[in-house]
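All remarks here apply to the structure that follows.
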Amino acid sequence: MSTKMRKSFKIDGAKYTYIPFEKFDISRLKLSNTKYRFEYLKVACAFDIETTSYYSPKYQKDLATMYIWQLGINKDTIIGRTWEEFKQVIEMLNEYAEKQDGVIICLIQNLSFEFQFFKSLFDWNKNKNGYPDIFAKDDRTILYAKYKHIEFRDTLALTGMSLNRFQKNYNLDVGKLEGDLDYTQFRHCKTNVTPRELAYCINDVQVLTDFFYKYLLPEYLSKNKKIPLTSTGIVRADIKEEFLEIPKEERKRLATRLRNAQPSEAVYKLWRNYLFRGGYVHASTIACNYLWENSFGSYDLKSAHPGQMLAKKFPWKYNRRNRSEFPKILQQAKSGDYGFFGVFIFKNIRCSGYHSLESKNKIIEASPDAVYENGRLVYASMIKVCLIEQDFFNYEDLYEWESYDVRVIYQAKLDYLPDYVRKVVCKYFVLKETLDKSSVEYGLAKRKLNGIFGMAATSLPEREVVYNPETNEMELSAQSKSYDELVRYLIMLPQWAIQIAAYTRRDIVKSIVACDFDSMYYDTDSNKIMNYKKHEDWFNKFNEERKALNYRCNTFDYDKKYFERIGNFELEYIGTRFKVLGAKRYIVEHDNEIQVTVAGMVKGSLEKYCKKYDLDIWEEFTDDLKLPAGESEKKTTVYTDWSFDDILTDYEGNTESIHEGSCVAIIDIPFTMSMEEDFINRIEQLSSERERMIYKGVL
């Protein structure tokens with residue numbers, strides 16, 4: 001290919017090449033006409049834009065405009081400055097794909113963002129229902145959109161990771177560059193772009209074209225496999241593939257059993273709203289807002305959810321029982337052969353110690369006098385809840401009550417998950433345990449292993465989200481599938497996901513009870529405890545019992561030695577300082593490093609802020625913590641779904657007219673520690689009790 005079409009430059013010794021739009025000639029790229037299943041062509045294509053967000057006095061609103069776009073085609077990168085230029089390039093690509101009677105996949109990292117800018121540019125293909133051929137999880141999360149022979153695909157949902165992690169996790173030749181674009185400076189399509197900024201733009205799309213050849217091509221296209229839309233879809237496809245390997249007659253019997261075990265629509269909605277509790281994430285309130293400097297340990301369950309799927313038994317078909325039979329049903333549940341779910345009313349329920357359990361959001365009804373600690377129930381004269389047997393056992397451990405009434409009760413005989421699920425768990429886990437931790441295969445196996453629960457816990461889509469070109473907005477379609485249609489071909493039961501999470505919560509609660517006052521903070525599959533050496537015997541005993549359980553479970557063709565420690569508690573690290581302010585709000589020091597975890601706070605922002613202003617991070621970490629906009633690195637989005645014309649002066653003083661069909665502005669916002677006043681007061685109330693317990697040597 002002639003070099004006249006390309007321009008090149010060097011930055012830090014590295015050579016970068018690109019094609020300006022005005023010099024682009026697709027006929028000189030010698031694109032492949034190799035075609036795979038679903039008519040996909042062997043052409044790596046990726047798209048990305050850079051935008052400026054600004055406040056518009058004209059519209060009195062935050063708006064945004066695109067000032068440069070980059071399209072990667074194999075090793076080449078086309079650079080343009082206007083949407084009209086982008087449309088012309090897409091038409092060229094479409095013309096080529098149409099001649100080959102094929103489809104070109106155009107990868108976009110976070111398609112939702114780009115789509116908000118270019119959604120009105122194209123007359124999107126129509127699907128079988130007559131709607132634009134666009135798939136969305138919700139009105140602002142777009143996973144797929146097709147225009148003629150070009151299929152835009154989101155890679156963020158597929159991989160579940162930011163672009164700067166692609167090179168390491170997929171062993172790519174190209175990596176994302178960091179820190180070369182100053183987003184605080186206003187720019188438009190006439191603003192000068194420096195070579196260093198161009199290098200940043202080029203790499204953003206070349207990472208994705210390399211990803212196409214290193215991962216999508218060998219893993220899916222070459223194997224004629226359908227490319228999933230999401231990371232959970234990857235796991236779902238693997239489990240379905242294993243399901244289809246079952247002999248036909250056996251598979252039919254299994255499918256019938258699955259259909260018969262599906263809950264009714266009313267029961268399913270009850271489960272989604274009040275029975276599925278996810279992970280147990282909380283802090284002992286007596287431990288909050290105090291700097292703990294004694295040695296403590298963080299115990300983690302090894303592959304907690306996968307371990308439950310492999311070794312434990314699960315409910316299939318629930319049958320309604322008479323409420324008067326509950327004492328017998330409870331006793332059968334404690335034997336481990338049966339499970340139940342029911343609706344219960346508890347009278348005068350309160351915490352029996354210093355650990356609160358039930359989430360406010362999972363209580364169907366509560367008396368007005370209910371008291372909560374950071375969203376967890378401490379006391380109420382009455383609550384109405386939906387529980388399975390594992391959560392009832394947790395109630396027995398952490399609450400006491402005057403009486404309870406069983407309103408509705410269902411029972412199920414417990415059985416192992418089907419082989420097509422547990423075989424996939426075994427495969428991923430063995431790969432994770434045996435592969436080099438620096439290898440691409442290890443990272444893929446680990447993400448797949450963790451993704452099985454996410455796939456199982458995915459809720460059914462109640463309504464399809466579609467694009468309305470007349471309003472330029474995403475909205476709910478007029479058509480919707482019935483509940484029976486949605487569950488007809490499911491090969492995973494919703495009660496399994498509920499039970500998986502419940503089993504892990506049960507293990508964590510057992511450790512909390514065993515460690516009593518020393519349990520400081522627990523997060524899904526971990527428990528951070530003071531005086532960890534004092535409790536080593538309990539954890540060792542738990543692990544021995546779990547190892548025996550693991551040894552009894554079927555690991556198929558895999559050596560049982562790999563599964564000895566799955567679901568065991570492991571001492572992840574020994575800490576030297578620890579401070580907690582509630583769920584997902586803690587700071588810990590271990591191995592001479594400080595780790596801050598705060599929901600809603602950008603990772604690393606507090607550390608940078610304290611270093612910049614020479615502040616003590618432990619003193620700054622309080623309930624009134626605030627980081628100003630910019631310093632917090634926290635952003636929010638402002639959407640505009642209508643077209644607008646405006647003028648913008650860039651950072652060099654040049655003014656230009658701009659036009660966008662729609663946009664999304666990204667603006668800096670401050671971070672403020674969000675804590676309920678009642679919870680802060682509760683911490684203060686318990687501070688004197690904490691001091692008394694420390695004095696007595698209990699804490």
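Chains: A, B, ... in order of the structure tokens. Residues: from 1 per chain. Ligands: from 1, in order shown.
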* region 4-9 of chain A surroundings by only C-alpha atoms, 12 Å radius, close-in-sequence under 2 positions cut, as JSON, numbers by chain -> {"A": [1, 2, 11, 12, 13, 14, 15, 16, 17, 18, 19, 20, 21, 22, 23, 24, 25, 26, 27, 28, 29, 75, 76, 77, 78, 79, 194, 195, 196, 197, 198, 199, 202]}
* For region 494-511 of chain A, work out the shell of residues within 8 Å, counting only C-alpha atoms and skipping chain neighbours fewer than 4 positions away, then give it as a ChimeraX atom specification. => /A:262,268,275-280,304-305,308-309,314-316,390-391,393-394,397,453,456-457,515,522,524-527,539
* Write out as a list of chain:residue names which residues come within 9 Å of Ala370 (chain A) when counting only C-alpha atoms, dropping same-chain ones fewer than 3 positions away. => A:Ala366, A:Ser367, A:Leu377, A:Val378, A:Tyr379, A:Ala380, A:Ser381, A:Met382, A:Ile383
Can those selected residues be exported to a file as a compact mmCIF listing (two decimals), in the first residue's frame so that it contains all heavy atoms?
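See result-v5.txt below for the written result:
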```
# COMPACT_ATOMS: atom_id res chain seq x y z
N ALA A 366 -42.73 -3.52 58.13
CA ALA A 366 -42.14 -3.34 59.46
C ALA A 366 -42.95 -2.33 60.24
O ALA A 366 -43.55 -1.40 59.68
CB ALA A 366 -40.69 -2.88 59.34
N SER A 367 -42.94 -2.49 61.55
CA SER A 367 -43.63 -1.54 62.42
C SER A 367 -42.90 -0.20 62.40
O SER A 367 -41.69 -0.14 62.14
CB SER A 367 -43.69 -2.09 63.85
OG SER A 367 -42.38 -2.42 64.30
N LEU A 377 -31.55 -4.34 60.29
CA LEU A 377 -32.51 -4.29 61.39
C LEU A 377 -31.86 -4.57 62.74
O LEU A 377 -31.16 -5.57 62.91
CB LEU A 377 -33.62 -5.32 61.15
CG LEU A 377 -34.70 -5.39 62.23
CD1 LEU A 377 -35.58 -4.15 62.18
CD2 LEU A 377 -35.52 -6.67 62.10
N VAL A 378 -32.13 -3.70 63.71
CA VAL A 378 -31.70 -3.88 65.10
C VAL A 378 -32.88 -4.32 65.97
O VAL A 378 -32.77 -5.26 66.75
CB VAL A 378 -31.09 -2.59 65.67
CG1 VAL A 378 -30.76 -2.75 67.15
CG2 VAL A 378 -29.86 -2.19 64.88
N TYR A 379 -34.01 -3.64 65.78
CA TYR A 379 -35.20 -3.95 66.60
C TYR A 379 -36.46 -3.54 65.85
O TYR A 379 -36.48 -2.56 65.09
CB TYR A 379 -35.16 -3.22 67.94
CG TYR A 379 -36.49 -3.24 68.64
CD1 TYR A 379 -36.89 -4.36 69.38
CD2 TYR A 379 -37.40 -2.18 68.53
CE1 TYR A 379 -38.14 -4.42 69.99
CE2 TYR A 379 -38.64 -2.23 69.13
CZ TYR A 379 -39.01 -3.36 69.86
OH TYR A 379 -40.24 -3.42 70.45
N ALA A 380 -37.54 -4.30 66.09
CA ALA A 380 -38.88 -3.90 65.63
C ALA A 380 -39.91 -4.69 66.42
O ALA A 380 -39.69 -5.85 66.76
CB ALA A 380 -39.04 -4.17 64.14
N SER A 381 -41.01 -4.07 66.70
CA SER A 381 -42.08 -4.80 67.38
C SER A 381 -42.78 -5.76 66.43
O SER A 381 -43.43 -6.71 66.86
CB SER A 381 -43.09 -3.83 67.99
OG SER A 381 -43.62 -2.97 67.00
N MET A 382 -42.61 -5.53 65.09
CA MET A 382 -43.16 -6.46 64.11
C MET A 382 -42.43 -6.31 62.78
O MET A 382 -42.18 -5.18 62.33
CB MET A 382 -44.65 -6.20 63.90
CG MET A 382 -45.36 -7.23 63.01
SD MET A 382 -45.10 -7.01 61.21
CE MET A 382 -45.89 -5.43 60.93
N ILE A 383 -42.08 -7.43 62.17
CA ILE A 383 -41.61 -7.43 60.79
C ILE A 383 -42.25 -8.60 60.05
O ILE A 383 -42.56 -9.64 60.64
CB ILE A 383 -40.07 -7.53 60.65
CG1 ILE A 383 -39.56 -8.84 61.24
CG2 ILE A 383 -39.38 -6.31 61.21
CD1 ILE A 383 -38.11 -9.15 60.85
```
* To do: Run DSSP on the backbone and give me the residues of region 78-195 of chain A it puts in strand (DSSP E or B), as a list of chain:residue names.
  =>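 Answer for region 78-195 of chain A, restricted to strand (DSSP E or B): A:Ile78, A:Ile79, A:Gly80, A:Val103, A:Ile104, A:Ile105, A:Cys106, A:Leu107, A:Ile108, A:Lys126, A:Pro132, A:Ile134, A:Phe135, A:Ala136, A:Lys137, A:Asp138, A:Thr141, A:Ile142, A:Leu143, A:Tyr144, A:Ala145, A:Lys146, A:Tyr147, A:Ile150, A:Glu151, A:Phe152, A:Arg153, A:Asp154.
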Those same residues - N, CA, C and O atoms - I'd like them written as a tab-separated table (two decimals), in the first residue's frame.
```
chain	number	residue	atom	x	y	z
A	78	ILE	N	-8.16	5.35	10.97
A	78	ILE	CA	-8.64	6.52	10.24
A	78	ILE	C	-9.04	7.57	11.26
A	78	ILE	O	-9.73	7.28	12.23
A	79	ILE	N	-8.61	8.81	11.03
A	79	ILE	CA	-8.90	9.91	11.93
A	79	ILE	C	-9.80	10.92	11.23
A	79	ILE	O	-9.52	11.35	10.10
A	80	GLY	N	-10.91	11.29	11.89
A	80	GLY	CA	-11.80	12.30	11.35
A	80	GLY	C	-12.23	13.27	12.43
A	80	GLY	O	-12.02	13.03	13.63
A	103	VAL	N	-20.93	-9.31	7.05
A	103	VAL	CA	-21.16	-8.33	8.12
A	103	VAL	C	-19.83	-7.99	8.77
A	103	VAL	O	-19.02	-8.88	9.05
A	104	ILE	N	-19.58	-6.71	8.98
A	104	ILE	CA	-18.39	-6.25	9.68
A	104	ILE	C	-18.78	-5.87	11.10
A	104	ILE	O	-19.70	-5.07	11.32
A	105	ILE	N	-18.09	-6.47	12.09
A	105	ILE	CA	-18.32	-6.12	13.49
A	105	ILE	C	-17.47	-4.91	13.82
A	105	ILE	O	-16.25	-4.92	13.63
A	106	CYS	N	-18.11	-3.87	14.33
A	106	CYS	CA	-17.39	-2.67	14.77
A	106	CYS	C	-17.43	-2.64	16.30
A	106	CYS	O	-18.50	-2.45	16.90
A	107	LEU	N	-16.28	-2.83	16.93
A	107	LEU	CA	-16.20	-2.90	18.39
A	107	LEU	C	-16.09	-1.50	19.00
A	107	LEU	O	-15.34	-0.65	18.49
A	108	ILE	N	-16.84	-1.29	20.06
A	108	ILE	CA	-16.80	-0.01	20.78
A	108	ILE	C	-16.76	-0.29	22.27
A	108	ILE	O	-17.61	-1.01	22.80
A	126	LYS	N	-34.20	-2.97	10.86
A	126	LYS	CA	-35.36	-3.36	11.64
A	126	LYS	C	-35.25	-4.85	12.01
A	126	LYS	O	-34.79	-5.68	11.22
A	132	PRO	N	-36.13	-0.89	15.52
A	132	PRO	CA	-34.72	-0.79	15.14
A	132	PRO	C	-33.91	-1.93	15.77
A	132	PRO	O	-34.15	-2.29	16.92
A	134	ILE	N	-31.61	-2.93	17.62
A	134	ILE	CA	-30.75	-2.44	18.71
A	134	ILE	C	-31.12	-3.22	19.95
A	134	ILE	O	-32.31	-3.35	20.28
A	135	PHE	N	-30.12	-3.74	20.65
A	135	PHE	CA	-30.40	-4.46	21.89
A	135	PHE	C	-29.87	-3.65	23.06
A	135	PHE	O	-28.70	-3.24	23.08
A	136	ALA	N	-30.74	-3.42	24.05
A	136	ALA	CA	-30.36	-2.62	25.21
A	136	ALA	C	-30.82	-3.29	26.49
A	136	ALA	O	-31.90	-3.88	26.54
A	137	LYS	N	-29.99	-3.22	27.54
A	137	LYS	CA	-30.40	-3.72	28.86
A	137	LYS	C	-31.37	-2.75	29.51
A	137	LYS	O	-32.28	-3.14	30.22
A	138	ASP	N	-31.13	-1.46	29.28
A	138	ASP	CA	-32.04	-0.42	29.75
A	138	ASP	C	-31.86	0.77	28.83
A	138	ASP	O	-31.12	0.70	27.84
A	141	THR	N	-28.10	1.67	28.47
A	141	THR	CA	-27.09	0.62	28.36
A	141	THR	C	-27.32	-0.14	27.07
A	141	THR	O	-28.14	-1.05	26.99
A	142	ILE	N	-26.57	0.24	26.03
A	142	ILE	CA	-26.73	-0.33	24.69
A	142	ILE	C	-25.64	-1.38	24.47
A	142	ILE	O	-24.45	-1.11	24.67
A	143	LEU	N	-26.05	-2.57	24.04
A	143	LEU	CA	-25.10	-3.66	23.85
A	143	LEU	C	-24.82	-3.97	22.38
A	143	LEU	O	-23.79	-4.55	22.05
A	144	TYR	N	-25.74	-3.56	21.49
A	144	TYR	CA	-25.66	-3.99	20.10
A	144	TYR	C	-26.53	-3.06	19.26
A	144	TYR	O	-27.62	-2.65	19.69
A	145	ALA	N	-26.06	-2.69	18.07
A	145	ALA	CA	-26.87	-1.91	17.14
A	145	ALA	C	-26.39	-2.22	15.73
A	145	ALA	O	-25.18	-2.28	15.48
A	146	LYS	N	-27.33	-2.42	14.81
A	146	LYS	CA	-26.94	-2.81	13.44
A	146	LYS	C	-27.47	-1.82	12.41
A	146	LYS	O	-28.66	-1.51	12.37
A	147	TYR	N	-26.54	-1.37	11.57
A	147	TYR	CA	-26.87	-0.50	10.44
A	147	TYR	C	-26.38	-1.18	9.16
A	147	TYR	O	-25.17	-1.39	8.98
A	150	ILE	N	-23.15	-3.31	8.97
A	150	ILE	CA	-22.23	-2.96	10.05
A	150	ILE	C	-22.91	-3.25	11.39
A	150	ILE	O	-24.02	-2.76	11.64
A	151	GLU	N	-22.25	-4.02	12.22
A	151	GLU	CA	-22.81	-4.40	13.52
A	151	GLU	C	-21.95	-3.81	14.63
A	151	GLU	O	-20.83	-4.24	14.86
A	152	PHE	N	-22.47	-2.80	15.31
A	152	PHE	CA	-21.76	-2.18	16.42
A	152	PHE	C	-21.94	-3.04	17.67
A	152	PHE	O	-23.06	-3.40	18.03
A	153	ARG	N	-20.84	-3.36	18.33
A	153	ARG	CA	-20.86	-4.26	19.50
A	153	ARG	C	-20.14	-3.61	20.67
A	153	ARG	O	-19.06	-3.03	20.52
A	154	ASP	N	-20.72	-3.78	21.86
A	154	ASP	CA	-20.11	-3.24	23.08
A	154	ASP	C	-19.11	-4.24	23.66
A	154	ASP	O	-19.46	-5.40	23.90
```
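With only C-alpha atoms as the atoms that count, the minimum distance from Phe296 (chain A) to the choices A:Ala333, A:Ala255, A:Leu571, A:Cys45 is reached by A:Leu571.
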* To do: With a distance cut-off of 6 Å and only C-alpha atoms, select the neighbouring residues of region 182-191 of chain A, excluding the residue or stretch itself and same-chain residues fewer than 6 positions from it, and output the selection as a list of chain:residue names.
  =>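 Once the adjacent positions are removed, what remains is A:Thr52, A:Tyr67, A:Arg81, A:Asp650, A:Tyr651.
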Could the residues in this selection be written to a file with N, CA, C and O atoms, as a PDB file, in the first residue's frame?
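Everything below was put into out_1.pdb:
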```pdb
ATOM      1  N   THR A  52     -15.794  16.921  24.353  1.00  0.00           N
ATOM      2  CA  THR A  52     -15.664  18.010  25.315  1.00  0.00           C
ATOM      3  C   THR A  52     -17.020  18.256  25.966  1.00  0.00           C
ATOM      4  O   THR A  52     -18.033  18.369  25.268  1.00  0.00           O
ATOM      5  N   TYR A  67     -15.091  16.090  19.134  1.00  0.00           N
ATOM      6  CA  TYR A  67     -14.137  16.905  18.389  1.00  0.00           C
ATOM      7  C   TYR A  67     -13.155  16.073  17.575  1.00  0.00           C
ATOM      8  O   TYR A  67     -12.444  16.601  16.710  1.00  0.00           O
ATOM      9  N   ARG A  81     -12.882  14.366  12.000  1.00  0.00           N
ATOM     10  CA  ARG A  81     -13.243  15.414  12.958  1.00  0.00           C
ATOM     11  C   ARG A  81     -14.744  15.709  12.989  1.00  0.00           C
ATOM     12  O   ARG A  81     -15.191  16.407  13.905  1.00  0.00           O
ATOM     13  N   ASP A 650     -12.618  27.226  22.201  1.00  0.00           N
ATOM     14  CA  ASP A 650     -11.719  26.205  22.744  1.00  0.00           C
ATOM     15  C   ASP A 650     -10.650  26.833  23.629  1.00  0.00           C
ATOM     16  O   ASP A 650     -10.598  28.057  23.817  1.00  0.00           O
ATOM     17  N   TYR A 651      -9.761  26.003  24.191  1.00  0.00           N
ATOM     18  CA  TYR A 651      -8.759  26.475  25.144  1.00  0.00           C
ATOM     19  C   TYR A 651      -7.697  27.352  24.479  1.00  0.00           C
ATOM     20  O   TYR A 651      -6.941  28.052  25.168  1.00  0.00           O
TER      21      TYR A 651
END
```
* Asked: Out of A:Arg447, A:Pro327, A:Glu242, A:Asp173, which residue has the shortest atom-to-atom distance to Leu158 (chain A) when counting only C-alpha atoms?
  ->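 Nearest to Leu158 (chain A): A:Arg447.
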* **Near-Arg585 (chain A) list (12 Å; only C-alpha atoms; drop same-chain fewer than 3 positions) as a PyMOL selection string** => chain A and resi 281-283+288-289+374+521-523+578-582+588+595-601+621-623+625+673-675
* To do: Pick out the closest residue to Trp401 (chain A) from this set: A:Ile345, A:Leu244, A:Gly451, A:Glu293. Count only C-alpha atoms.
  =>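 That would be A:Ile345, the residue with the smallest distance to Trp401 (chain A).
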* Shortest interatomic distance to Gly72 (chain A) - which of A:Tyr467, A:Phe211, A:Asn171, A:Leu41, counting only C-alpha atoms ->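 Going through A:Tyr467, A:Phe211, A:Asn171, A:Leu41 one by one, the smallest distance to Gly72 (chain A) is for A:Phe211.
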* Write down as a PyMOL selection string the residues belonging to region 465-684 of chain A that are assigned alpha helix (DSSP H) by DSSP computed on the backbone. => chain A and resi 483-487+494-515+536-552+605-612+617-620+677-684
Could you turn the residues from that selection into a file that holds C-alpha atoms, as a JSON list (two decimals), in the first residue's frame?
```json
[["chain", "number", "residue", "atom", "x", "y", "z"],
["A", 483, "TYR", "CA", -43.65, -15.08, 31.89],
["A", 484, "ASP", "CA", -44.24, -18.58, 30.50],
["A", 485, "GLU", "CA", -42.43, -17.65, 27.29],
["A", 486, "LEU", "CA", -39.47, -16.22, 29.21],
["A", 487, "VAL", "CA", -38.93, -19.32, 31.35],
["A", 494, "PRO", "CA", -33.90, -18.88, 39.98],
["A", 495, "GLN", "CA", -34.05, -20.73, 43.31],
["A", 496, "TRP", "CA", -30.49, -21.97, 42.72],
["A", 497, "ALA", "CA", -29.07, -18.44, 42.70],
["A", 498, "ILE", "CA", -31.03, -17.64, 45.87],
["A", 499, "GLN", "CA", -29.64, -20.74, 47.57],
["A", 500, "ILE", "CA", -26.03, -20.18, 46.42],
["A", 501, "ALA", "CA", -25.91, -16.72, 48.00],
["A", 502, "ALA", "CA", -27.71, -18.00, 51.11],
["A", 503, "TYR", "CA", -25.20, -20.81, 51.65],
["A", 504, "THR", "CA", -22.33, -18.29, 51.53],
["A", 505, "ARG", "CA", -24.15, -15.94, 53.92],
["A", 506, "ARG", "CA", -24.64, -18.90, 56.25],
["A", 507, "ASP", "CA", -20.90, -19.66, 56.31],
["A", 508, "ILE", "CA", -20.10, -16.00, 57.06],
["A", 509, "VAL", "CA", -22.70, -15.85, 59.86],
["A", 510, "LYS", "CA", -21.22, -19.01, 61.38],
["A", 511, "SER", "CA", -17.83, -17.29, 61.48],
["A", 512, "ILE", "CA", -19.37, -14.14, 62.99],
["A", 513, "VAL", "CA", -21.00, -16.14, 65.76],
["A", 514, "ALA", "CA", -17.77, -18.06, 66.41],
["A", 515, "CYS", "CA", -15.68, -14.88, 66.64],
["A", 536, "GLU", "CA", -7.64, -20.25, 64.47],
["A", 537, "ASP", "CA", -9.02, -23.50, 65.93],
["A", 538, "TRP", "CA", -12.55, -22.67, 64.81],
["A", 539, "PHE", "CA", -11.47, -21.86, 61.25],
["A", 540, "ASN", "CA", -9.34, -25.01, 61.11],
["A", 541, "LYS", "CA", -12.31, -27.11, 62.25],
["A", 542, "PHE", "CA", -14.59, -25.45, 59.69],
["A", 543, "ASN", "CA", -12.07, -26.18, 56.96],
["A", 544, "GLU", "CA", -11.68, -29.82, 57.96],
["A", 545, "GLU", "CA", -15.44, -30.30, 57.80],
["A", 546, "ARG", "CA", -15.55, -28.54, 54.44],
["A", 547, "LYS", "CA", -12.72, -30.66, 53.07],
["A", 548, "ALA", "CA", -14.66, -33.79, 54.01],
["A", 549, "LEU", "CA", -17.72, -32.41, 52.21],
["A", 550, "ASN", "CA", -15.64, -31.56, 49.15],
["A", 551, "TYR", "CA", -14.18, -35.05, 49.08],
["A", 552, "ARG", "CA", -17.68, -36.57, 48.91],
["A", 605, "SER", "CA", -8.70, 9.36, 44.90],
["A", 606, "LEU", "CA", -8.50, 9.73, 48.70],
["A", 607, "GLU", "CA", -4.90, 8.55, 48.75],
["A", 608, "LYS", "CA", -3.95, 11.10, 46.06],
["A", 609, "TYR", "CA", -5.85, 13.87, 47.83],
["A", 610, "CYS", "CA", -4.17, 13.24, 51.19],
["A", 611, "LYS", "CA", -0.73, 12.99, 49.60],
["A", 612, "LYS", "CA", -1.24, 16.21, 47.63],
["A", 617, "ILE", "CA", -5.52, 9.67, 55.73],
["A", 618, "TRP", "CA", -6.68, 8.02, 58.97],
["A", 619, "GLU", "CA", -7.80, 11.36, 60.42],
["A", 620, "GLU", "CA", -9.51, 12.38, 57.18],
["A", 677, "GLU", "CA", -27.87, 10.49, 60.70],
["A", 678, "ASP", "CA", -29.50, 7.68, 62.70],
["A", 679, "PHE", "CA", -26.53, 5.43, 61.99],
["A", 680, "ILE", "CA", -24.03, 8.13, 63.04],
["A", 681, "ASN", "CA", -26.00, 8.60, 66.27],
["A", 682, "ARG", "CA", -26.04, 4.85, 66.82],
["A", 683, "ILE", "CA", -22.24, 4.72, 66.45],
["A", 684, "GLU", "CA", -21.93, 7.47, 69.05]]
```
